[in-house]
Every structure is written in structure tokens, then in C-alpha cells.
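**Student:** Quick one: this structure, given as C-alpha cells, is what I'll be asking you about.
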Amino acid sequence: MAETPISIQSFIDAGVHFGHRASHWNPKMRPYVFGRRKLIHIIDVRETVRGVLRARKYLKQVAAQGSYVLFVGTKRQASETIEQQAVRCEMPYVAQRWLGGTLTNFKTIRSRLGRLEELEGIIEGEQLATYSKKMQSSLTREYKKMFRNLNGIRTMDRFPEVMVVVDPRKEKNAVREARKLGVVSIALIDTDSDPDEVDLPIPGNDDSIRSIDLIMSLLSDAVIEGRKEYEAAQQANATGPIAAASAE
């Protein structure tokens, strides 16, 4: 997939500049508002670009160190994009429901992943046929629910270094847990939210699928760049001793 270009025009085409109704805004977003149009706040796209560039630089550094970036967006407009972009850059994600304690009670959440794997073994193997029809239905429902909520974080065996969020107002519980644990938060944030709640705000439309897709694609690109650097460094470290031994 080609890298997504960064341009003010591409942001405008995606509707990134459309905020909420002026009557529903958070005054702390004032520095990011360009003006009003028909009672709708217009976001200053130059501020959006600045936020994206800062976020990309940081995410590339994090990925280059081999750390996790957790993508979070459970609202209908964001869930599909969050899953797609997280999978694309091989990072964990939460796209359906944020389970309380996902970070602050991480050990318990990890234990539930064990149950998910147990259910997978039952359903994908021959053991399911040994249960009654009622129990088969119950196990299948349990598996589908757990898979929907936990599959995106099943590879996350330690805390993420940073969390990328779509709409911190919607994901307030996730943002709160990140702040409590010192996990850096980057957020696509609309005019109705408090930018002080996140570490690196990216002012922009967090209700439009096109807007969300554009911003998340740009951030995912940066993670991929960082991962390439990390993998190259790992490979160099692995082949270094061999090359040295051959030289001798």
C-alpha cells in the first residue's frame, strides 16, 4: 500500500476541518478553531497538520524501539478503520468495546485471553461435538463475544508505550487508564472534547469515516516506518556475530 500523502487539500477533501455545532464546543479547543460556518465550527487544518506531523515523528520513534502502539476507537465510524490500520502496522487494537481494566487490570485481562484460546481449541477441534446442542450454542456465543472484545490485544504481552485514540470523549475510560499508567495518548479530537485530557491532540473531525481513515492511515504509515527500522536493527544484531566469526 502506498504511503498516504500529507496535504492541506487532502485534509479538506476528507472533511477533517468540520467540527461540531458551535453551541456544543469545548472552549479549550479555541486555539484549534479557524472560524464558524453556518453554526458549525471550522477546525484550522494547519493545526491538524502540525498535530499529525508531531504524532508521526513520535510514533516512528516508539515503533523503532520495538514498543507497542495501541489503537483504540469503538464508535461505529471508527471501528473498522481502527482494526484495518492496526492490523496493517501489526499493532494491537480495541475496536469494539473497551473492557474496564484493559490496562489497569492487565493481568486479569491476560488471563481471559487464556480462556479465549481454550474456547478456540474446543470449537476448532473435535471436542465441541461431545457437548450437548445447548452447551455448544453457549460455548459458541461465549467465544464470539470474547473474540470480538479481546482478539485485537491477544498479542499485547506488555503495556503499550502509546495509545492512539479516535474521540477521547467517547473513549474516556481508555484515556483515563492510559493517564494513570503513564501511557502517552495521541488523539483525533473534535471541537467538543477537552484537549488537556490527552498528551498529543490532533484537532479534526472524529465523526467522519473519511476523516478518521485519512488520519489513522497517516499514523499507521509512521508506525510501519518505525517497525522497518526496528526489524533492520534486529537483523543487523543477529547477523553481526556470525559475520564477525566468518571474518576470523
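A note on labels: chains of the C-alpha cells are A, B, ... as shown, every chain counts residues from 1, and ligands are counted from 1 in their shown order.
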Would you give me, as JSON lines, each residue of region 13-106 of chain A having an atom within 10 Å of an atom of region 201-214 of chain A, along with its shortest atom pair and that distance in Å to one decimal, using only C-alpha atoms and sorting by chain and residue number?

**Tutor:**
```
{"residue": "A:Asp13", "atom": "CA", "partner": "A:Ser211", "partner_atom": "CA", "distance": 8.8}
{"residue": "A:Ala14", "atom": "CA", "partner": "A:Ser211", "partner_atom": "CA", "distance": 5.1}
{"residue": "A:Gly15", "atom": "CA", "partner": "A:Ser211", "partner_atom": "CA", "distance": 5.9}
{"residue": "A:Val16", "atom": "CA", "partner": "A:Asn205", "partner_atom": "CA", "distance": 4.8}
{"residue": "A:His17", "atom": "CA", "partner": "A:Gly204", "partner_atom": "CA", "distance": 5.9}
{"residue": "A:Phe18", "atom": "CA", "partner": "A:Asn205", "partner_atom": "CA", "distance": 5.7}
{"residue": "A:Gly19", "atom": "CA", "partner": "A:Asn205", "partner_atom": "CA", "distance": 5.7}
{"residue": "A:His20", "atom": "CA", "partner": "A:Asn205", "partner_atom": "CA", "distance": 8.2}
{"residue": "A:Met29", "atom": "CA", "partner": "A:Pro203", "partner_atom": "CA", "distance": 8.3}
{"residue": "A:Pro31", "atom": "CA", "partner": "A:Pro203", "partner_atom": "CA", "distance": 9.8}
{"residue": "A:Tyr32", "atom": "CA", "partner": "A:Pro203", "partner_atom": "CA", "distance": 6.5}
{"residue": "A:Val33", "atom": "CA", "partner": "A:Pro203", "partner_atom": "CA", "distance": 8.7}
{"residue": "A:Ile42", "atom": "CA", "partner": "A:Gly204", "partner_atom": "CA", "distance": 9.3}
{"residue": "A:Ile43", "atom": "CA", "partner": "A:Gly204", "partner_atom": "CA", "distance": 6.5}
{"residue": "A:Asp44", "atom": "CA", "partner": "A:Pro203", "partner_atom": "CA", "distance": 8.0}
{"residue": "A:Val45", "atom": "CA", "partner": "A:Gly204", "partner_atom": "CA", "distance": 7.7}
{"residue": "A:Arg46", "atom": "CA", "partner": "A:Pro203", "partner_atom": "CA", "distance": 9.6}
{"residue": "A:Glu47", "atom": "CA", "partner": "A:Pro203", "partner_atom": "CA", "distance": 6.8}
{"residue": "A:Thr48", "atom": "CA", "partner": "A:Pro203", "partner_atom": "CA", "distance": 5.2}
{"residue": "A:Val49", "atom": "CA", "partner": "A:Ile202", "partner_atom": "CA", "distance": 8.0}
{"residue": "A:Arg50", "atom": "CA", "partner": "A:Ile202", "partner_atom": "CA", "distance": 8.0}
{"residue": "A:Gly51", "atom": "CA", "partner": "A:Ile202", "partner_atom": "CA", "distance": 4.6}
{"residue": "A:Val52", "atom": "CA", "partner": "A:Ile202", "partner_atom": "CA", "distance": 6.2}
{"residue": "A:Leu53", "atom": "CA", "partner": "A:Ile202", "partner_atom": "CA", "distance": 9.4}
{"residue": "A:Arg54", "atom": "CA", "partner": "A:Ile202", "partner_atom": "CA", "distance": 9.1}
{"residue": "A:Ala55", "atom": "CA", "partner": "A:Ile202", "partner_atom": "CA", "distance": 8.1}
{"residue": "A:Gly73", "atom": "CA", "partner": "A:Ile212", "partner_atom": "CA", "distance": 9.8}
{"residue": "A:Lys75", "atom": "CA", "partner": "A:Asp207", "partner_atom": "CA", "distance": 8.7}
{"residue": "A:Arg76", "atom": "CA", "partner": "A:Asp207", "partner_atom": "CA", "distance": 9.0}
{"residue": "A:Gln77", "atom": "CA", "partner": "A:Ile209", "partner_atom": "CA", "distance": 5.3}
{"residue": "A:Ala78", "atom": "CA", "partner": "A:Ile212", "partner_atom": "CA", "distance": 6.5}
{"residue": "A:Ser79", "atom": "CA", "partner": "A:Ile209", "partner_atom": "CA", "distance": 9.6}
{"residue": "A:Glu80", "atom": "CA", "partner": "A:Asp213", "partner_atom": "CA", "distance": 9.2}
{"residue": "A:Thr81", "atom": "CA", "partner": "A:Asp213", "partner_atom": "CA", "distance": 5.8}
{"residue": "A:Ile82", "atom": "CA", "partner": "A:Asp213", "partner_atom": "CA", "distance": 8.2}
{"residue": "A:Gln84", "atom": "CA", "partner": "A:Asp213", "partner_atom": "CA", "distance": 9.5}
{"residue": "A:Gln85", "atom": "CA", "partner": "A:Asp213", "partner_atom": "CA", "distance": 8.4}
```

**Student:** Write the residues of the preceding selection, restricted to C-alpha atoms, as a CSV table (one decimal), in the first residue's frame.

**Tutor:**
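Dumped to result00.csv:
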```csv
chain,number,residue,atom,x,y,z
A,13,ASP,CA,-11.3,16.8,0.8
A,14,ALA,CA,-11.8,14.3,3.6
A,15,GLY,CA,-13.8,16.8,5.7
A,16,VAL,CA,-11.2,16.9,8.5
A,17,HIS,CA,-12.0,20.6,9.1
A,18,PHE,CA,-15.6,20.2,10.0
A,19,GLY,CA,-16.1,20.4,13.8
A,20,HIS,CA,-19.3,20.3,15.9
A,29,MET,CA,-10.4,23.9,21.7
A,31,PRO,CA,-6.6,27.5,19.6
A,32,TYR,CA,-7.6,24.9,17.0
A,33,VAL,CA,-10.7,26.7,15.6
A,42,ILE,CA,-14.3,25.0,11.3
A,43,ILE,CA,-11.1,23.5,12.5
A,44,ASP,CA,-7.8,25.1,11.5
A,45,VAL,CA,-6.4,22.4,9.2
A,46,ARG,CA,-2.9,23.9,9.7
A,47,GLU,CA,-3.2,22.8,13.3
A,48,THR,CA,-4.3,19.4,12.2
A,49,VAL,CA,-1.2,19.0,10.0
A,50,ARG,CA,1.0,20.1,12.9
A,51,GLY,CA,-0.6,17.5,15.2
A,52,VAL,CA,-0.2,14.8,12.6
A,53,LEU,CA,3.5,15.6,12.0
A,54,ARG,CA,4.3,15.6,15.7
A,55,ALA,CA,2.4,12.3,16.2
A,73,GLY,CA,-11.7,3.5,18.5
A,75,LYS,CA,-17.5,4.2,17.8
A,76,ARG,CA,-19.3,2.9,14.7
A,77,GLN,CA,-17.5,5.3,12.4
A,78,ALA,CA,-14.1,4.4,13.7
A,79,SER,CA,-14.1,0.6,14.5
A,80,GLU,CA,-13.4,-0.7,11.0
A,81,THR,CA,-10.7,1.7,10.3
A,82,ILE,CA,-9.0,1.2,13.7
A,84,GLN,CA,-7.7,-2.3,9.5
A,85,GLN,CA,-4.9,0.2,10.2
```

**Student:** DSSP on the backbone: what in region 1-180 of chain A comes out strand (DSSP E or B), as a ChimeraX atom specification?

**Tutor:** /A:18-21,33-37,40-43,69-72,93-94,162-166

**Student:** Would you save the residues of that selection, restricted to C-alpha atoms, as a PDB file, in the first residue's frame?

**Tutor:**
```pdb
ATOM      1  CA  PHE A  18     -15.630  20.164  10.032  1.00  0.00           C
ATOM      2  CA  GLY A  19     -16.139  20.441  13.792  1.00  0.00           C
ATOM      3  CA  HIS A  20     -19.303  20.252  15.902  1.00  0.00           C
ATOM      4  CA  ARG A  21     -22.025  22.824  16.283  1.00  0.00           C
ATOM      5  CA  VAL A  33     -10.694  26.669  15.638  1.00  0.00           C
ATOM      6  CA  PHE A  34     -10.391  28.723  12.458  1.00  0.00           C
ATOM      7  CA  GLY A  35     -13.915  30.145  12.488  1.00  0.00           C
ATOM      8  CA  ARG A  36     -17.610  29.354  12.017  1.00  0.00           C
ATOM      9  CA  ARG A  37     -19.721  28.418   9.043  1.00  0.00           C
ATOM     10  CA  ILE A  40     -20.526  24.817  12.690  1.00  0.00           C
ATOM     11  CA  HIS A  41     -17.013  25.343  13.965  1.00  0.00           C
ATOM     12  CA  ILE A  42     -14.324  25.045  11.313  1.00  0.00           C
ATOM     13  CA  ILE A  43     -11.087  23.492  12.516  1.00  0.00           C
ATOM     14  CA  VAL A  69       1.200   1.259  19.899  1.00  0.00           C
ATOM     15  CA  LEU A  70      -2.381   0.512  20.983  1.00  0.00           C
ATOM     16  CA  PHE A  71      -5.087   1.777  18.587  1.00  0.00           C
ATOM     17  CA  VAL A  72      -8.463   2.494  20.203  1.00  0.00           C
ATOM     18  CA  TYR A  93      -6.199  -2.581  18.879  1.00  0.00           C
ATOM     19  CA  VAL A  94      -9.568  -2.223  20.594  1.00  0.00           C
ATOM     20  CA  VAL A 162       1.460   4.945  23.427  1.00  0.00           C
ATOM     21  CA  MET A 163      -2.270   4.828  22.754  1.00  0.00           C
ATOM     22  CA  VAL A 164      -3.808   6.255  19.571  1.00  0.00           C
ATOM     23  CA  VAL A 165      -7.437   7.215  20.164  1.00  0.00           C
ATOM     24  CA  VAL A 166     -10.318   8.344  17.986  1.00  0.00           C
TER      25      VAL A 166
END
```

**Student:** Report as a count of residues only all protein, DNA and RNA residues lying within 6 Å of region 223-227 of chain A, evaluated on only C-alpha atoms, omitting residues in the same chain fewer than 3 positions from it.

**Tutor:** 7

**Student:** From the list A:Leu99, A:Ile8, A:Ala232, A:Ala22, which residue is nearest Asp190 (chain A) when using only C-alpha atoms?

**Tutor:**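 For Asp190 (chain A), the nearest of the candidates is A:Ala22.
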
**Student:** Can you pull out the residues contacting Lys28 (chain A)? Cut-off 9 Å, using only C-alpha atoms, and skip same-chain residues under 2 positions away; I want them as a PyMOL selection string.

**Tutor:** chain A and resi 25-26+30-32+191+193-196

**Student:** Name all residues at most 9 Å from region 182-184 of chain A (count only C-alpha atoms; drop same-chain ones fewer than 6 positions away) and give them as an MDAnalysis selection string.

**Tutor:** chainID A and resid 159:164 175 198:200

**Student:** Create the file for the chosen residues now, containing all heavy atoms and written as a tab-separated table (two decimals), in the first residue's frame.

**Tutor:**
```tsv
chain	number	residue	atom	x	y	z
A	159	PHE	N	2.58	-3.62	28.51
A	159	PHE	CA	1.91	-2.34	28.32
A	159	PHE	C	2.37	-1.66	27.03
A	159	PHE	O	3.55	-1.74	26.67
A	159	PHE	CB	2.18	-1.39	29.49
A	159	PHE	CG	1.48	-1.76	30.76
A	159	PHE	CD1	2.18	-1.79	31.96
A	159	PHE	CD2	0.13	-2.06	30.77
A	159	PHE	CE1	1.54	-2.12	33.14
A	159	PHE	CE2	-0.51	-2.41	31.94
A	159	PHE	CZ	0.19	-2.44	33.13
A	160	PRO	N	1.45	-0.96	26.37
A	160	PRO	CA	1.87	-0.18	25.21
A	160	PRO	C	2.62	1.07	25.66
A	160	PRO	O	2.44	1.54	26.79
A	160	PRO	CB	0.53	0.20	24.55
A	160	PRO	CG	-0.44	0.24	25.69
A	160	PRO	CD	0.01	-0.86	26.63
A	161	GLU	N	3.44	1.58	24.80
A	161	GLU	CA	4.15	2.83	25.07
A	161	GLU	C	3.23	4.02	24.81
A	161	GLU	O	3.30	5.05	25.48
A	161	GLU	CB	5.38	2.93	24.17
A	161	GLU	CG	6.20	4.20	24.35
A	161	GLU	CD	6.98	4.21	25.66
A	161	GLU	OE1	7.24	3.13	26.21
A	161	GLU	OE2	7.30	5.32	26.14
A	162	VAL	N	2.34	3.85	23.83
A	162	VAL	CA	1.46	4.95	23.43
A	162	VAL	C	0.12	4.39	22.98
A	162	VAL	O	0.02	3.27	22.49
A	162	VAL	CB	2.12	5.78	22.30
A	162	VAL	CG1	2.43	4.91	21.10
A	162	VAL	CG2	1.24	6.96	21.88
A	163	MET	N	-0.92	5.18	23.19
A	163	MET	CA	-2.27	4.83	22.75
A	163	MET	C	-2.75	5.86	21.74
A	163	MET	O	-2.68	7.06	21.99
A	163	MET	CB	-3.22	4.79	23.96
A	163	MET	CG	-4.68	4.51	23.59
A	163	MET	SD	-5.79	4.77	25.01
A	163	MET	CE	-5.25	3.43	26.07
A	164	VAL	N	-3.23	5.38	20.59
A	164	VAL	CA	-3.81	6.26	19.57
A	164	VAL	C	-5.32	6.13	19.65
A	164	VAL	O	-5.86	5.02	19.51
A	164	VAL	CB	-3.31	5.87	18.16
A	164	VAL	CG1	-4.04	6.69	17.10
A	164	VAL	CG2	-1.80	6.10	18.05
A	175	VAL	N	-8.66	6.53	27.97
A	175	VAL	CA	-7.74	7.65	28.18
A	175	VAL	C	-7.39	7.78	29.66
A	175	VAL	O	-6.23	8.03	30.03
A	175	VAL	CB	-8.36	8.96	27.66
A	175	VAL	CG1	-7.52	10.17	28.06
A	175	VAL	CG2	-8.52	8.91	26.14
A	198	VAL	N	-5.51	14.66	26.81
A	198	VAL	CA	-4.58	13.82	26.05
A	198	VAL	C	-3.23	14.52	25.93
A	198	VAL	O	-3.12	15.73	26.09
A	198	VAL	CB	-5.14	13.49	24.65
A	198	VAL	CG1	-6.41	12.69	24.77
A	198	VAL	CG2	-5.38	14.75	23.83
A	199	ASP	N	-2.20	13.73	25.65
A	199	ASP	CA	-0.85	14.29	25.57
A	199	ASP	C	-0.58	14.97	24.24
A	199	ASP	O	0.10	15.99	24.19
A	199	ASP	CB	0.18	13.17	25.79
A	199	ASP	CG	0.06	12.55	27.18
A	199	ASP	OD1	0.24	13.28	28.17
A	199	ASP	OD2	-0.22	11.35	27.27
A	200	LEU	N	-1.09	14.41	23.16
A	200	LEU	CA	-0.84	14.99	21.84
A	200	LEU	C	-2.14	15.01	21.04
A	200	LEU	O	-2.52	14.02	20.44
A	200	LEU	CB	0.23	14.17	21.11
A	200	LEU	CG	1.03	14.90	20.02
A	200	LEU	CD1	2.27	14.09	19.64
A	200	LEU	CD2	0.18	15.17	18.78
```

**Student:** Using only C-alpha atoms, pick whichever of A:Tyr131, A:Tyr143, A:Trp98, A:Phe106 has the shortest atom-to-atom distance to Lys170 (chain A).

**Tutor:**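 Selected residue with least distance to Lys170 (chain A): A:Trp98.
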